[in-house]
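*Asks:* Here it is, the structure in full.
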Amino acid sequence: MQFRSAAKWAKNIVIASAALLAAGWLAFVPSAKEPPYTFVTAWGEKGGAPGQFNDPTGITVAGDEVFVSDSRNGRIQVFDLDGHFKHQFGTPGKDVGQLGRPMNLTIHSGELYVAEYFNDRIQVFGLDGTPKRTIGKSGNGPGEFNAPGGVAVAPNGDLLVPDFYNHRVEQLKPNGEFVRQWGVTGEKGHMAGAFIYPTDVALDRNGTLYVADGYANRIQVFDTAGKPINQWGGPFAVGIPGPFNGWFKVVTGIAIGPTGDIFAADFYNHRIQKFRADGTFLTSFGGKGSGPGQFDHVIAIAVAGDGTIFAVDFANNRIEKWTSRKP
């Protein structure tokens with residue numbers, strides 16, 4: 001009788017443990033709520049000629065033009081929405097109009113803002129490639145950078161910049177004057193408001209700030225007062241990497257769609273993930289490879305006004321175009 005009771009107890013423990021594991025899986029690995037996107041086309045290959053790339057790293061869309069950071073070639077290339085080359089500007093270097101590993105891009109009020117990883121500055125161009133001004137310099141003081149990875153621009157012209165090696169996000173006035181920062185300069189952290197190599201930022205239409213907290217494997221969200229209000233990416237968003245839905249293995253780019261959804265470049269998982277603004281996982285697409293609809297380290301994303309996705313396929317030296325519409 002005691003043996004049968006012990007066996008029954010052990011069976012109940014196994015059942016309870018399985019139930020807990022299943023509940024934990026459902027809690028930390030959500031199911032998709034939307035179908036994946038559909039691959040449309042791709043363009044580019046490795047090289048230095050027009051339409052070729054050497055480690056492309058950033059992208060943005062304005063009207064019917066796609067702007068791409070061609071980092072090792074030290075230039076910005078411009079294409080139409082189907083990938084036909086239009087023009088280019090920039091050469092490698094440190095002077096005005098030259099570029100030192102251009103990274104994530106943004107467009108505001110008819111101007112292109114370029115984060116320069118090697119030159120530790122933000123450089124602003126007209127959409128025709130005319131150099132306008134530079135903001136910031138090398139360092140770890142207020143208004144200085146150590147490898148900025150991207151930039152977002154508020155309606156009033158303020159800049160939000162992820163300062164990669166300084167483990168912070170800075171807010172600057174249009175003239176570069178320091179306003180405030182998130183994170184402690186030079187200190188990594190997993191708590192809300194701290195960062196581990198932040199890579200990109202985006203602002204929604206309400207002024208909410210979304211930060212791709214790169215090597216913390218999460219997205220952090222801040223309200224207009226600068227208060228942390230949300231974060232997601234793996235269990236409790238504390239830096240645990242993984243290949244599951246809603247988890248990251250280094251998030252390198254972030255973009256906001258026309259309806260407010262969040263798109264994230266999941267670099268080492270070779271995919272793009274889509275979330276609601278509250279962090280609810282919706283879908284993912286891509287996968288490791290060099291074939292159509294695959295990525296070899298997707299690094300940046302842009303979303304057109306109709307919801308079309310343009311993604312930078314870093315190691316395949318190409319741009320991919322995706323749509324939510326079925327083929």
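Simple scheme: letters A, B, ... for chains in structure tokens order, numbers from 1 for residues in each chain, numbers from 1 for ligands in the order shown.
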May I have the residues within 8 Å of Ile135 in chain A as a list in words, using only C-alpha atoms and disregarding those fewer than 6 positions away in the same chain?

*Replies:*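 Once the adjacent positions are removed, what remains is Arg121, Ile122, Gln123, Asn175 and Gly176 of chain A.
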
*Asks:* For Gly58 in chain A, find every residue with an atom within 8 Å (counting only C-alpha atoms), except residues of its own chain fewer than 2 positions away, and show them as a list of chain:residue names.

*Replies:* A:Pro56, A:Thr60, A:Val68, A:Ser69, A:Asp70, A:Pro102, A:Met103, A:Asn104, A:Leu105, A:Ile299, A:Ala300, A:Ile301, A:Val312

*Asks:* Would you list the contacts of Asn156 in chain A as a list of chain:residue names, taking every protein, DNA or RNA residue within 12 Å and counting only C-alpha atoms, but skipping same-chain residues closer than 6 positions in sequence?

*Replies:*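 Close residues of Asn156 in chain A: A:His108, A:Ser109, A:Gln171, A:Leu172, A:Lys173, A:Pro174, A:Asn175, A:Gly207.
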
*Asks:* For the atom pair CA of Thr283 in chain A and CA of Asp261 in chain A, what is the interatomic distance in Å to one decimal place?

*Replies:* 11.1 Å

*Asks:* I need the residues in range 13-139 of chain A that are helix (DSSP H, G or I) according to DSSP; give them as a ChimeraX atom specification.

*Replies:* /A:13-28

*Asks:* Of the candidates A:Gly150, A:Gly214, A:Gly257, A:Gly139, which shows the shortest atom-to-atom distance to Thr106 in chain A, using only C-alpha atoms?

*Replies:*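 Looking only at the distances to Thr106 in chain A, the closest residue turns out to be A:Gly150.
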
*Asks:* Give one line per residue of range 202-319 of chain A that approaches range 35-49 of chain A to at most 6 Å, naming the two atoms of the closest pair and their distance in Å to one decimal, counting only C-alpha atoms; sort by chain then ascending residue number and deliver it as a tab-separated table.

*Replies:*
residue	atom	partner	partner_atom	distance
A:Thr283	CA	A:Pro36	CA	5.7
A:Ser284	CA	A:Pro36	CA	5.7
A:Phe285	CA	A:Pro36	CA	5.4
A:Gly293	CA	A:Phe39	CA	5.3
A:Asn317	CA	A:Glu45	CA	5.1
A:Arg318	CA	A:Gly44	CA	4.3
A:Ile319	CA	A:Trp43	CA	5.4

*Asks:* Do you know which residues are at most 10 Å from Tyr197 in chain A counting only C-alpha atoms, after dropping those on the same chain fewer than 6 positions away, and could you put them as a list in words?

*Replies:*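 The neighbour list is Ala147, Pro148, Gly149, Pro162, Asp163, Phe164, Tyr165, Asn166, His167, Arg168, Val169, Gly186, Glu187, Lys188, Gly189, Ala212, Asp213, Gly214, Tyr215, Ala216, Asn217, Val250 and Thr252 of chain A.
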
*Asks:* Give the answer as one residue: which of A:Ala265, A:Leu159, A:Leu81, A:Ala225 has the shortest atom-to-atom distance to Ala304 in chain A, using only C-alpha atoms?

*Replies:* A:Leu81

*Asks:* Could you please determine the separation between CA of Gln181 in chain A and CA of Gly141 in chain A in Å, to one decimal place?

*Replies:*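 If I compute the distance from CA of Gln181 in chain A to CA of Gly141 in chain A, I get 10.9 Å.
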
*Asks:* List the spatial neighbours of Gly260 in chain A as a list in words - criterion: any atom at most 8 Å away, only C-alpha atoms, same-chain residues fewer than 5 positions off excluded.

*Replies:* Asp204, Arg276 and Ala277 of chain A

*Asks:* Let's have the selection written as a short mmCIF file (atom, residue, chain, number, x, y, z; two decimals), in the first residue's frame, with all heavy atoms.

*Replies:*
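Final output, saved to part-v6.cif:
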data_model
loop_
_atom_site.label_atom_id
_atom_site.label_comp_id
_atom_site.auth_asym_id
_atom_site.auth_seq_id
_atom_site.Cartn_x
_atom_site.Cartn_y
_atom_site.Cartn_z
N ASP A 204 7.70 57.12 -31.29
CA ASP A 204 6.39 57.01 -31.92
C ASP A 204 5.74 58.39 -31.99
O ASP A 204 6.30 59.39 -31.54
CB ASP A 204 5.51 55.96 -31.21
CG ASP A 204 5.02 56.39 -29.83
OD1 ASP A 204 5.17 57.58 -29.46
OD2 ASP A 204 4.47 55.53 -29.12
N ARG A 276 3.38 44.37 -30.92
CA ARG A 276 2.53 45.52 -30.65
C ARG A 276 3.33 46.51 -29.81
O ARG A 276 4.38 46.18 -29.25
CB ARG A 276 1.27 45.10 -29.89
CG ARG A 276 0.31 44.27 -30.72
CD ARG A 276 -1.07 44.21 -30.07
NE ARG A 276 -1.95 43.32 -30.81
CZ ARG A 276 -2.40 42.15 -30.37
NH1 ARG A 276 -2.05 41.73 -29.15
NH2 ARG A 276 -3.19 41.41 -31.11
N ALA A 277 2.82 47.72 -29.68
CA ALA A 277 3.52 48.75 -28.93
C ALA A 277 3.71 48.37 -27.46
O ALA A 277 4.61 48.88 -26.79
CB ALA A 277 2.79 50.08 -29.04
#

*Asks:* As a VMD selection string, please: all residues of range 147-211 of chain A that backbone DSSP puts in strand (DSSP E or B).

*Replies:* chain A and resid 148 152 to 153 159 to 163 168 to 172 178 to 182 188 195 200 to 203 209 to 211
